[in-house]
file model.cif (mmCIF, C-alpha atoms)
data_upload
#
loop_
_atom_site.label_atom_id
_atom_site.label_comp_id
_atom_site.auth_asym_id
_atom_site.auth_seq_id
_atom_site.Cartn_x
_atom_site.Cartn_y
_atom_site.Cartn_z
CA MET A 1 -124.44 5.32 -35.83
CA GLY A 2 -126.28 8.54 -36.55
CA LYS A 3 -128.91 10.39 -34.59
CA ILE A 4 -132.52 9.67 -33.72
CA VAL A 5 -134.87 12.47 -34.78
CA PHE A 6 -138.39 12.60 -33.35
CA LEU A 7 -140.72 14.58 -35.61
CA ASN A 8 -143.14 16.46 -33.39
CA PRO A 9 -144.87 19.08 -35.58
CA PHE A 10 -147.22 20.53 -32.96
CA SER A 11 -147.62 23.92 -31.33
CA PRO A 12 -145.97 24.47 -27.93
CA ASP A 13 -149.35 24.70 -26.20
CA ALA A 14 -150.75 21.45 -27.68
CA THR A 15 -151.41 19.55 -24.46
CA TYR A 16 -151.52 16.08 -25.97
CA GLY A 17 -150.47 12.96 -24.11
CA GLY A 18 -148.62 11.87 -27.24
CA VAL A 19 -146.36 14.91 -27.05
CA LYS A 20 -145.50 14.09 -23.44
CA VAL A 21 -144.68 10.48 -24.32
CA THR A 22 -142.56 11.51 -27.33
CA TYR A 23 -140.42 13.73 -25.14
CA GLN A 24 -140.17 10.98 -22.54
CA HIS A 25 -138.77 8.52 -25.10
CA ALA A 26 -136.38 11.13 -26.46
CA GLU A 27 -135.17 11.95 -22.95
CA ILE A 28 -134.55 8.28 -22.10
CA LEU A 29 -132.51 7.76 -25.26
CA ALA A 30 -130.49 10.96 -24.79
CA LYS A 31 -129.76 10.03 -21.18
CA SER A 32 -128.55 6.61 -22.38
CA GLY A 33 -126.00 8.04 -24.80
CA TYR A 34 -127.88 8.27 -28.08
CA GLU A 35 -127.68 11.45 -30.13
CA VAL A 36 -131.27 12.67 -30.13
CA ALA A 37 -133.16 15.62 -31.57
CA VAL A 38 -136.82 16.61 -31.43
CA TYR A 39 -138.01 18.46 -34.51
CA GLN A 40 -140.63 20.94 -33.29
CA PRO A 41 -140.42 24.11 -35.41
CA ALA A 42 -142.89 26.05 -33.25
CA GLY A 43 -140.70 25.60 -30.18
CA ARG A 44 -140.57 23.37 -27.12
CA PRO A 45 -143.72 22.84 -25.03
CA SER A 46 -144.04 24.96 -21.91
CA TRP A 47 -146.53 22.72 -20.08
CA ILE A 48 -144.12 19.83 -19.47
CA ASP A 49 -140.64 19.78 -17.97
CA ILE A 50 -137.94 19.19 -20.60
CA SER A 51 -134.28 18.89 -19.71
CA ASP A 52 -131.56 20.89 -21.42
CA ARG A 53 -130.12 17.57 -22.54
CA LEU A 54 -132.61 17.47 -25.42
CA ASN A 55 -131.98 19.32 -28.66
CA VAL A 56 -135.33 20.79 -29.74
CA CYS A 57 -134.78 22.08 -33.26
CA ALA A 58 -136.62 24.03 -35.95
CA ASP A 59 -134.96 22.15 -38.82
CA PHE A 60 -132.78 19.10 -39.40
CA GLU A 61 -130.76 17.35 -42.08
CA ALA A 62 -131.31 13.61 -42.33
CA GLU A 63 -128.14 11.57 -42.76
CA PRO A 64 -127.95 7.96 -44.04
CA ASP A 65 -127.40 6.47 -40.56
CA ASP A 66 -130.20 8.44 -38.91
CA VAL A 67 -133.49 7.11 -37.60
CA LEU A 68 -136.55 9.30 -38.23
CA VAL A 69 -139.43 8.71 -35.83
CA PHE A 70 -142.72 9.94 -37.27
CA PRO A 71 -146.01 10.50 -35.49
CA GLU A 72 -149.10 8.87 -37.01
CA VAL A 73 -150.25 12.30 -38.26
CA LEU A 74 -149.25 11.69 -41.87
CA HIS A 75 -150.66 14.64 -43.76
CA GLU A 76 -149.51 17.92 -45.31
CA PHE A 77 -145.77 18.53 -44.92
CA MET A 78 -145.35 15.54 -42.59
CA LEU A 79 -146.61 13.29 -45.39
CA GLU A 80 -144.19 14.95 -47.81
CA ILE A 81 -141.29 14.08 -45.49
CA ALA A 82 -142.61 10.52 -45.10
CA GLN A 83 -142.86 10.03 -48.86
CA ALA A 84 -139.36 11.40 -49.54
CA PRO A 85 -136.64 8.78 -50.16
CA PHE A 86 -134.35 8.27 -47.18
CA PRO A 87 -131.45 5.78 -46.81
CA GLY A 88 -131.79 5.53 -43.03
CA LYS A 89 -134.67 4.04 -41.08
CA LYS A 90 -138.18 5.36 -40.79
CA VAL A 91 -140.15 4.43 -37.69
CA LEU A 92 -143.83 5.15 -37.14
CA PHE A 93 -144.64 5.87 -33.49
CA CYS A 94 -148.39 5.32 -33.56
CA GLN A 95 -150.04 6.76 -30.46
CA ASN A 96 -153.48 6.85 -32.05
CA PRO A 97 -154.28 4.23 -34.71
CA PHE A 98 -157.59 5.91 -35.53
CA TYR A 99 -155.77 8.98 -36.83
CA LEU A 100 -153.60 6.70 -38.96
CA TYR A 101 -156.55 4.74 -40.37
CA SER A 102 -158.32 7.97 -41.35
CA TYR A 103 -155.59 8.72 -43.93
CA ASN A 104 -156.43 5.49 -45.78
CA PHE A 105 -152.85 4.24 -46.13
CA SER A 106 -152.52 0.48 -46.42
CA GLY A 107 -149.70 -1.50 -44.89
CA ARG A 108 -148.17 -1.71 -48.38
CA ASP A 109 -148.40 2.09 -48.74
CA LEU A 110 -146.54 2.55 -45.46
CA SER A 111 -143.92 0.01 -46.51
CA ASP A 112 -143.45 1.84 -49.82
CA MET A 113 -142.84 5.05 -47.85
CA GLY A 114 -140.01 3.21 -46.07
CA PHE A 115 -141.55 2.46 -42.68
CA SER A 116 -139.86 -0.69 -41.41
CA HIS A 117 -140.80 -0.55 -37.72
CA PHE A 118 -143.92 0.49 -35.82
CA ILE A 119 -144.05 1.44 -32.14
CA VAL A 120 -147.28 1.50 -30.14
CA PRO A 121 -148.03 1.98 -26.43
CA GLY A 122 -150.25 -1.04 -25.82
CA ARG A 123 -151.25 -4.59 -26.76
CA GLU A 124 -154.69 -3.59 -28.03
CA THR A 125 -153.15 -1.20 -30.54
CA ALA A 126 -150.45 -3.66 -31.58
CA GLN A 127 -153.14 -6.21 -32.37
CA SER A 128 -155.17 -3.60 -34.26
CA LEU A 129 -152.27 -2.51 -36.49
CA SER A 130 -151.43 -6.13 -37.27
CA SER A 131 -155.06 -6.95 -38.02
CA VAL A 132 -156.13 -3.85 -39.97
CA LEU A 133 -152.90 -3.04 -41.82
CA GLY A 134 -150.98 -6.31 -41.66
CA VAL A 135 -147.75 -4.47 -40.85
CA PRO A 136 -144.73 -6.38 -39.50
CA LYS A 137 -142.45 -5.49 -36.60
CA VAL A 138 -144.91 -3.84 -34.24
CA HIS A 139 -143.12 -3.05 -30.97
CA VAL A 140 -144.89 -2.24 -27.70
CA ILE A 141 -143.39 0.43 -25.45
CA PRO A 142 -145.92 0.85 -22.63
CA ASN A 143 -146.93 4.24 -21.34
CA SER A 144 -145.97 4.98 -17.77
CA VAL A 145 -147.18 6.99 -14.80
CA ASP A 146 -144.70 9.27 -13.06
CA THR A 147 -145.59 8.62 -9.43
CA ASN A 148 -143.30 11.46 -8.36
CA LEU A 149 -145.97 13.70 -9.92
CA PHE A 150 -149.17 11.68 -9.72
CA TYR A 151 -149.97 10.54 -6.21
CA PRO A 152 -152.86 11.09 -3.76
CA ARG A 153 -153.05 14.38 -1.86
CA GLN A 154 -155.62 15.54 0.67
CA LYS A 155 -158.87 14.43 -0.96
CA HIS A 156 -161.96 16.54 -1.57
CA LEU A 157 -165.31 15.31 -2.84
CA CYS A 158 -165.23 16.63 -6.38
CA ILE A 159 -165.32 15.25 -9.93
CA ALA A 160 -162.31 15.90 -12.17
CA THR A 161 -162.46 15.30 -15.91
CA ASN A 162 -160.83 16.20 -19.22
CA PRO A 163 -163.59 17.93 -21.22
CA ARG A 164 -161.57 18.19 -24.44
CA LYS A 165 -162.13 14.53 -25.30
CA TRP A 166 -165.81 14.87 -26.26
CA PRO A 167 -166.48 18.43 -27.50
CA GLY A 168 -169.77 19.54 -29.00
CA GLU A 169 -170.06 18.40 -32.61
CA GLY A 170 -172.72 17.76 -35.21
CA GLY A 171 -175.45 19.20 -33.04
CA ASN A 172 -174.49 17.05 -30.04
CA SER A 173 -173.67 18.77 -26.76
CA PRO A 174 -170.14 18.56 -25.30
CA LEU A 175 -170.24 15.54 -23.02
CA ALA A 176 -168.65 16.78 -19.78
CA PRO A 177 -171.09 19.66 -19.14
CA LEU A 178 -173.96 17.48 -20.38
CA LEU A 179 -173.21 14.80 -17.77
CA MET A 180 -172.77 17.45 -15.09
CA SER A 181 -176.20 18.88 -15.96
CA MET A 182 -177.85 15.46 -16.03
CA LEU A 183 -176.37 14.56 -12.65
CA ARG A 184 -177.69 17.71 -11.02
CA LEU A 185 -181.10 17.38 -12.68
CA LYS A 186 -181.65 13.76 -11.69
CA TYR A 187 -179.87 13.96 -8.34
CA PRO A 188 -180.22 17.56 -7.07
CA GLU A 189 -178.63 16.52 -3.78
CA THR A 190 -175.29 16.30 -5.67
CA ALA A 191 -175.39 19.96 -6.73
CA ASP A 192 -172.88 20.90 -4.02
CA VAL A 193 -170.24 18.54 -5.46
CA PRO A 194 -167.91 20.69 -7.62
CA TRP A 195 -166.61 19.69 -11.05
CA LEU A 196 -162.99 20.36 -11.94
CA MET A 197 -162.29 20.74 -15.67
CA LEU A 198 -158.68 19.79 -16.42
CA GLU A 199 -157.88 22.22 -19.20
CA ASN A 200 -155.35 24.99 -19.79
CA MET A 201 -153.13 23.49 -17.08
CA THR A 202 -149.51 22.44 -16.91
CA GLN A 203 -148.73 18.82 -16.17
CA ARG A 204 -147.89 19.69 -12.57
CA GLN A 205 -151.18 21.54 -12.13
CA VAL A 206 -153.09 18.53 -13.49
CA ALA A 207 -151.23 16.26 -11.05
CA GLU A 208 -152.13 18.54 -8.13
CA ALA A 209 -155.78 18.63 -9.19
CA MET A 210 -156.02 14.87 -9.64
CA GLY A 211 -154.28 14.26 -6.36
CA GLY A 212 -156.99 16.17 -4.52
CA ALA A 213 -160.02 14.90 -6.49
CA ALA A 214 -162.07 12.00 -5.15
CA ILE A 215 -163.60 11.03 -8.52
CA PHE A 216 -162.27 11.07 -12.07
CA LEU A 217 -164.63 10.91 -15.03
CA ALA A 218 -162.67 9.27 -17.87
CA LEU A 219 -163.80 10.54 -21.27
CA SER A 220 -161.18 8.64 -23.27
CA ARG A 221 -162.06 8.40 -26.94
CA GLN A 222 -160.38 6.34 -29.68
CA GLU A 223 -156.96 6.17 -28.04
CA ALA A 224 -154.09 3.70 -28.21
CA LEU A 225 -153.53 3.53 -24.44
CA PRO A 226 -155.24 6.32 -22.46
CA LEU A 227 -152.71 7.70 -20.01
CA THR A 228 -154.85 10.18 -18.05
CA PRO A 229 -157.04 7.48 -16.43
CA LEU A 230 -153.90 5.66 -15.30
CA GLU A 231 -152.60 8.88 -13.77
CA ALA A 232 -155.96 9.24 -12.01
CA MET A 233 -155.63 5.69 -10.69
CA ALA A 234 -152.19 6.47 -9.31
CA SER A 235 -153.72 9.58 -7.71
CA ARG A 236 -156.26 7.32 -5.97
CA CYS A 237 -159.30 8.69 -7.78
CA ALA A 238 -162.41 6.55 -8.20
CA LEU A 239 -162.72 5.92 -11.96
CA VAL A 240 -165.95 6.22 -13.93
CA GLY A 241 -166.21 6.45 -17.69
CA PHE A 242 -164.86 5.07 -20.96
CA HIS A 243 -161.78 2.97 -21.73
CA GLY A 244 -161.38 4.61 -25.17
CA THR A 245 -160.58 1.24 -26.86
CA GLY A 246 -156.88 1.13 -25.94
CA GLY A 247 -157.81 1.22 -22.27
CA LYS A 248 -159.01 -2.36 -22.62
CA ASP A 249 -155.40 -3.20 -21.79
CA TYR A 250 -156.06 -2.26 -18.16
CA ALA A 251 -159.78 -1.55 -17.53
CA THR A 252 -161.48 -4.16 -15.32
CA HIS A 253 -164.61 -4.30 -13.19
CA ARG A 254 -162.34 -4.20 -10.13
CA ASN A 255 -160.46 -0.96 -10.81
CA GLY A 256 -163.27 1.25 -12.11
CA TYR A 257 -166.77 1.59 -13.46
CA TRP A 258 -166.59 1.38 -17.26
CA PHE A 259 -169.40 2.25 -19.66
CA SER A 260 -170.27 2.70 -23.31
CA PRO A 261 -170.37 6.34 -24.52
CA GLU A 262 -174.09 5.81 -25.13
CA GLU A 263 -174.75 5.09 -21.45
CA CYS A 264 -175.00 8.67 -20.23
CA GLU A 265 -177.76 8.06 -17.70
CA GLU A 266 -176.02 4.96 -16.38
CA ILE A 267 -172.87 7.04 -15.82
CA VAL A 268 -174.91 9.66 -13.98
CA ASP A 269 -176.46 6.95 -11.77
CA CYS A 270 -172.98 5.58 -11.02
CA LEU A 271 -171.63 9.03 -10.11
CA ALA A 272 -174.54 9.61 -7.75
CA THR A 273 -173.98 6.23 -6.08
CA LEU A 274 -170.26 6.95 -5.74
CA ILE A 275 -170.94 10.30 -4.11
CA TYR A 276 -173.34 8.68 -1.65
CA ASP A 277 -170.89 5.85 -0.85
CA MET A 278 -168.03 8.28 -0.32
CA LYS A 279 -170.07 10.41 2.02
CA HIS A 280 -170.89 7.26 4.01
CA HIS A 281 -167.35 5.79 3.85
CA SER A 282 -168.34 2.57 2.09
CA PRO A 283 -165.53 -0.05 2.30
CA ARG A 284 -166.08 -1.10 -1.31
CA ILE A 285 -164.68 2.25 -2.45
CA ASP A 286 -161.37 1.52 -0.72
CA ARG A 287 -161.22 -1.90 -2.38
CA MET A 288 -161.67 -0.33 -5.82
CA LEU A 289 -159.12 2.39 -5.13
CA HIS A 290 -156.61 -0.24 -4.02
CA GLU A 291 -157.12 -2.17 -7.28
CA ALA A 292 -156.77 1.05 -9.28
CA GLU A 293 -153.47 1.94 -7.60
CA LYS A 294 -152.23 -1.59 -8.21
CA THR A 295 -153.15 -1.28 -11.91
CA ALA A 296 -151.31 2.03 -12.25
CA SER A 297 -148.23 0.58 -10.56
CA GLN A 298 -147.86 -1.88 -13.45
CA TYR A 299 -147.13 1.09 -15.74
CA SER A 300 -143.90 2.16 -14.13
CA VAL A 301 -141.32 4.59 -15.49
CA SER A 302 -138.64 1.90 -15.13
CA ALA A 303 -140.62 -0.51 -17.34
CA THR A 304 -140.94 2.16 -20.03
CA TYR A 305 -137.24 2.95 -19.70
CA GLN A 306 -136.24 -0.67 -20.29
CA ALA A 307 -138.67 -1.06 -23.20
CA VAL A 308 -137.39 2.11 -24.92
CA LEU A 309 -133.79 0.88 -24.73
CA GLN A 310 -134.69 -2.61 -25.89
CA VAL A 311 -136.82 -1.52 -28.85
CA TYR A 312 -134.54 1.25 -30.10
CA GLY A 313 -131.53 -0.97 -29.52
CA GLU A 314 -133.08 -3.49 -31.89
CA ILE A 315 -134.02 -0.83 -34.45
CA CYS A 316 -130.56 0.76 -34.41
CA ALA A 317 -128.60 -2.50 -34.19
CA HIS A 318 -127.25 -2.59 -37.76
CA PHE A 319 -125.77 0.93 -37.44
CA GLY A 320 -123.13 -0.30 -35.03
CA PRO A 321 -122.17 0.85 -31.52
CA ARG A 322 -122.88 4.33 -30.16
CA MET A 323 -119.93 6.71 -29.91
#
call {"tool": "encode", "arguments": {"input": "model.cif", "output": "C-alpha cells"}}
result
Amino acid sequence: MGKIVFLNPFSPDATYGGVKVTYQHAEILAKSGYEVAVYQPAGRPSWIDISDRLNVCADFEAEPDDVLVFPEVLHEFMLEIAQAPFPGKKVLFCQNPFYLYSYNFSGRDLSDMGFSHFIVPGRETAQSLSSVLGVPKVHVIPNSVDTNLFYPRQKHLCIATNPRKWPGEGGNSPLAPLLMSMLRLKYPETADVPWLMLENMTQRQVAEAMGGAAIFLALSRQEALPLTPLEAMASRCALVGFHGTGGKDYATHRNGYWFSPEECEEIVDCLATLIYDMKHHSPRIDRMLHEAEKTASQYSVSATYQAVLQVYGEICAHFGPRM
C-alpha cells in the first residue's frame, strides 16, 4: 500500500487541539509501520512534542494507493485539493462539525469530492454528521488524555481557563474577563483568588498550570469533543462551565457543574460557592473530583491507539499488507 498523508495547513503557532490530535494519530500510525507524512507547509508546531519518526513536509505528490486525510476546513486551496480527482482514498477527519456545516456542503457534495470515510472524535459528532449530512461510514476515534502530562500537582486556589474560546465579538465582551469581573463585583471576598489565562503556552506549560489549579472554567464552544476539560479532569480540577455540544459525551452532574452560555450569573454564583467550599474543605468537592478523574480515565491513550489502528486498518484494507 501507499502512504497516509495528513493535511494540516495551519501555522506552527496555531495552538488548536485538532492539531495535537492530528499529530497523535500520525504518530501512532508511523509507530505501527505505516508510511506517514504530515503536510504542513509552514513548518512543524513548536508547542507540542513531535518525534523525528514523522515526516513533516511542505509539499507532497499523491499516488494512487495513498490515503489523504483532510481536516474539515474545506476552503481556499484545501478545497481545491479536495475537489481534485484522486484515485486513492480521501478521508475527512472532522474535529469540528460546525466548521464543516458553515461551508454548506451536502453529504452528496462531499461524496462527489471523493470522501468515502469520515472520522470524528465522539459519539455526539458521529450522530450529528449522520443526521445533518447523511454521510455513511462515520468512524469514532476517541480523544485521549496523556496522564504522563496531565495529572494533579500541588494545588493552589486559583481559576484556570482558556480565554480564546469566547473572544469579544459583535459588541459583546470577551467572556473570561467578563466572568472574572462579575465574580469580583458580586463576591468581593473572592478578589484574592487569582485567574490563570491559559494562552501563549506550550502543552507542557498548560499541563503544569492545570495541575496546580484548583478550579477550571470550561469555555468550550461548538466542539466535536472538547479535550481541554478532560485534561482538567485528569489534573483534578473542579469543573465549571460549558460542554460545547460535543462534551455531552462525558459531562454529567457528578463530574462538574455545567451551564448554558447564557447563564453568566449562575456560573459566577457557582464559582463563589466552590471557592467557599474549598476554603472550608467540603467533602462534596472530593466526591466530584473523584468522578471527574474517573471520567478522564475512560479517555486513555491506549484506547485511542487501538481505535486508530482499527479504523485505519479498515480504511486501508483493500490496498494490501504494509511493507
call {"tool": "closest_atom_pairs", "arguments": {"input": "model.cif", "of": "region 115-184 of chain A", "to": "region 243-260 of chain A", "cutoff": "10 Å", "atoms": "only C-alpha atoms", "output": "CSV"}}
result
residue,atom,partner,partner_atom,distance
A:Pro121,CA,A:Gly246,CA,8.9
A:Gly122,CA,A:Asp249,CA,6.9
A:Arg123,CA,A:Asp249,CA,6.6
A:Glu124,CA,A:Gly246,CA,5.6
A:Thr125,CA,A:Gly246,CA,6.4
A:Ala126,CA,A:Gly246,CA,9.8
A:Ser128,CA,A:Gly246,CA,9.7
A:Lys165,CA,A:Gly244,CA,9.9
call {"tool": "resolve_selection", "arguments": {"input": "model.cif", "expression": "the PyMOL selection byres ((chain A and resi 235) around 6)", "output": "list in words"}}
result
Phe150, Tyr151, Pro152, Gly211, Ala232, Met233, Ala234, Arg236 and Cys237 of chain A
call {"tool": "closest_residue", "arguments": {"input": "model.cif", "among": "A:Leu92, A:Val135, A:Ala14, A:Leu79", "to": "Met201 (chain A)", "atoms": "only C-alpha atoms"}}
result
A:Ala14
call {"tool": "residues_around", "arguments": {"input": "model.cif", "residues": "Val268 (chain A)", "least_positions_apart": "5", "cutoff": "8 Å", "atoms": "all atoms listed in the file", "output": "count of residues only"}}
result
3
call {"tool": "closest_residue", "arguments": {"input": "model.cif", "among": "A:Arg108, A:Pro85, A:Ser173, A:Asn96", "to": "Ser220 (chain A)", "atoms": "all atoms listed in the file"}}
result
A:Asn96
call {"tool": "closest_residue", "arguments": {"input": "model.cif", "among": "A:Val240, A:Ala296, A:Leu219, A:Ala37", "to": "Val145 (chain A)", "atoms": "only C-alpha atoms"}}
result
A:Ala296
call {"tool": "resolve_selection", "arguments": {"input": "model.cif", "expression": "the PyMOL selection byres ((chain A and resi 20) around 12)", "output": "ChimeraX atom specification"}}
result
/A:8,10,12-19,21-27,44-50,95,143-146,202-203,227-228
call {"tool": "closest_residue", "arguments": {"input": "model.cif", "among": "A:Ser106, A:Asn162, A:Ala176, A:Glu262", "to": "Pro226 (chain A)", "atoms": "all atoms listed in the file"}}
result
A:Asn162
call {"tool": "decode", "arguments": {"input": "model.cif", "residues": "region 286-300 of chain A", "atoms": "N, CA, C and O atoms", "output": "compact mmCIF listing (two decimals), in the first residue's frame"}}
result
# COMPACT_ATOMS: atom_id res chain seq x y z
N ASP A 286 -14.44 16.66 47.01
CA ASP A 286 -13.64 15.46 46.75
C ASP A 286 -14.44 14.42 45.97
O ASP A 286 -13.89 13.73 45.10
N ARG A 287 -15.73 14.32 46.24
CA ARG A 287 -16.56 13.37 45.50
C ARG A 287 -16.63 13.75 44.02
O ARG A 287 -16.54 12.89 43.14
N MET A 288 -16.79 15.04 43.74
CA MET A 288 -16.85 15.50 42.36
C MET A 288 -15.51 15.31 41.65
O MET A 288 -15.45 14.87 40.49
N LEU A 289 -14.42 15.61 42.35
CA LEU A 289 -13.10 15.44 41.75
C LEU A 289 -12.81 13.98 41.44
O LEU A 289 -12.19 13.66 40.43
N HIS A 290 -13.28 13.09 42.31
CA HIS A 290 -13.10 11.66 42.07
C HIS A 290 -13.85 11.24 40.81
O HIS A 290 -13.32 10.50 39.97
N GLU A 291 -15.09 11.72 40.65
CA GLU A 291 -15.87 11.39 39.46
C GLU A 291 -15.23 11.97 38.20
O GLU A 291 -15.23 11.34 37.14
N ALA A 292 -14.66 13.17 38.32
CA ALA A 292 -14.01 13.79 37.17
C ALA A 292 -12.78 12.99 36.74
O ALA A 292 -12.58 12.74 35.54
N GLU A 293 -11.97 12.57 37.70
CA GLU A 293 -10.79 11.75 37.37
C GLU A 293 -11.21 10.43 36.73
O GLU A 293 -10.57 9.95 35.78
N LYS A 294 -12.30 9.87 37.24
CA LYS A 294 -12.79 8.60 36.68
C LYS A 294 -13.26 8.81 35.24
O LYS A 294 -13.03 7.95 34.36
N THR A 295 -13.92 9.93 34.97
CA THR A 295 -14.35 10.24 33.61
C THR A 295 -13.15 10.37 32.68
O THR A 295 -13.12 9.79 31.59
N ALA A 296 -12.14 11.11 33.10
CA ALA A 296 -10.95 11.32 32.26
C ALA A 296 -10.24 10.00 31.97
O ALA A 296 -9.69 9.81 30.88
N SER A 297 -10.26 9.09 32.95
CA SER A 297 -9.55 7.81 32.78
C SER A 297 -10.17 6.97 31.67
O SER A 297 -9.51 6.07 31.13
N GLN A 298 -11.42 7.24 31.31
CA GLN A 298 -12.07 6.49 30.22
C GLN A 298 -11.51 6.89 28.86
O GLN A 298 -11.71 6.19 27.87
N TYR A 299 -10.81 8.02 28.80
CA TYR A 299 -10.24 8.52 27.55
C TYR A 299 -8.73 8.30 27.57
O TYR A 299 -7.93 9.22 27.61
N SER A 300 -8.36 7.04 27.54
CA SER A 300 -6.96 6.66 27.69
C SER A 300 -6.23 6.69 26.35
O SER A 300 -6.84 6.54 25.28
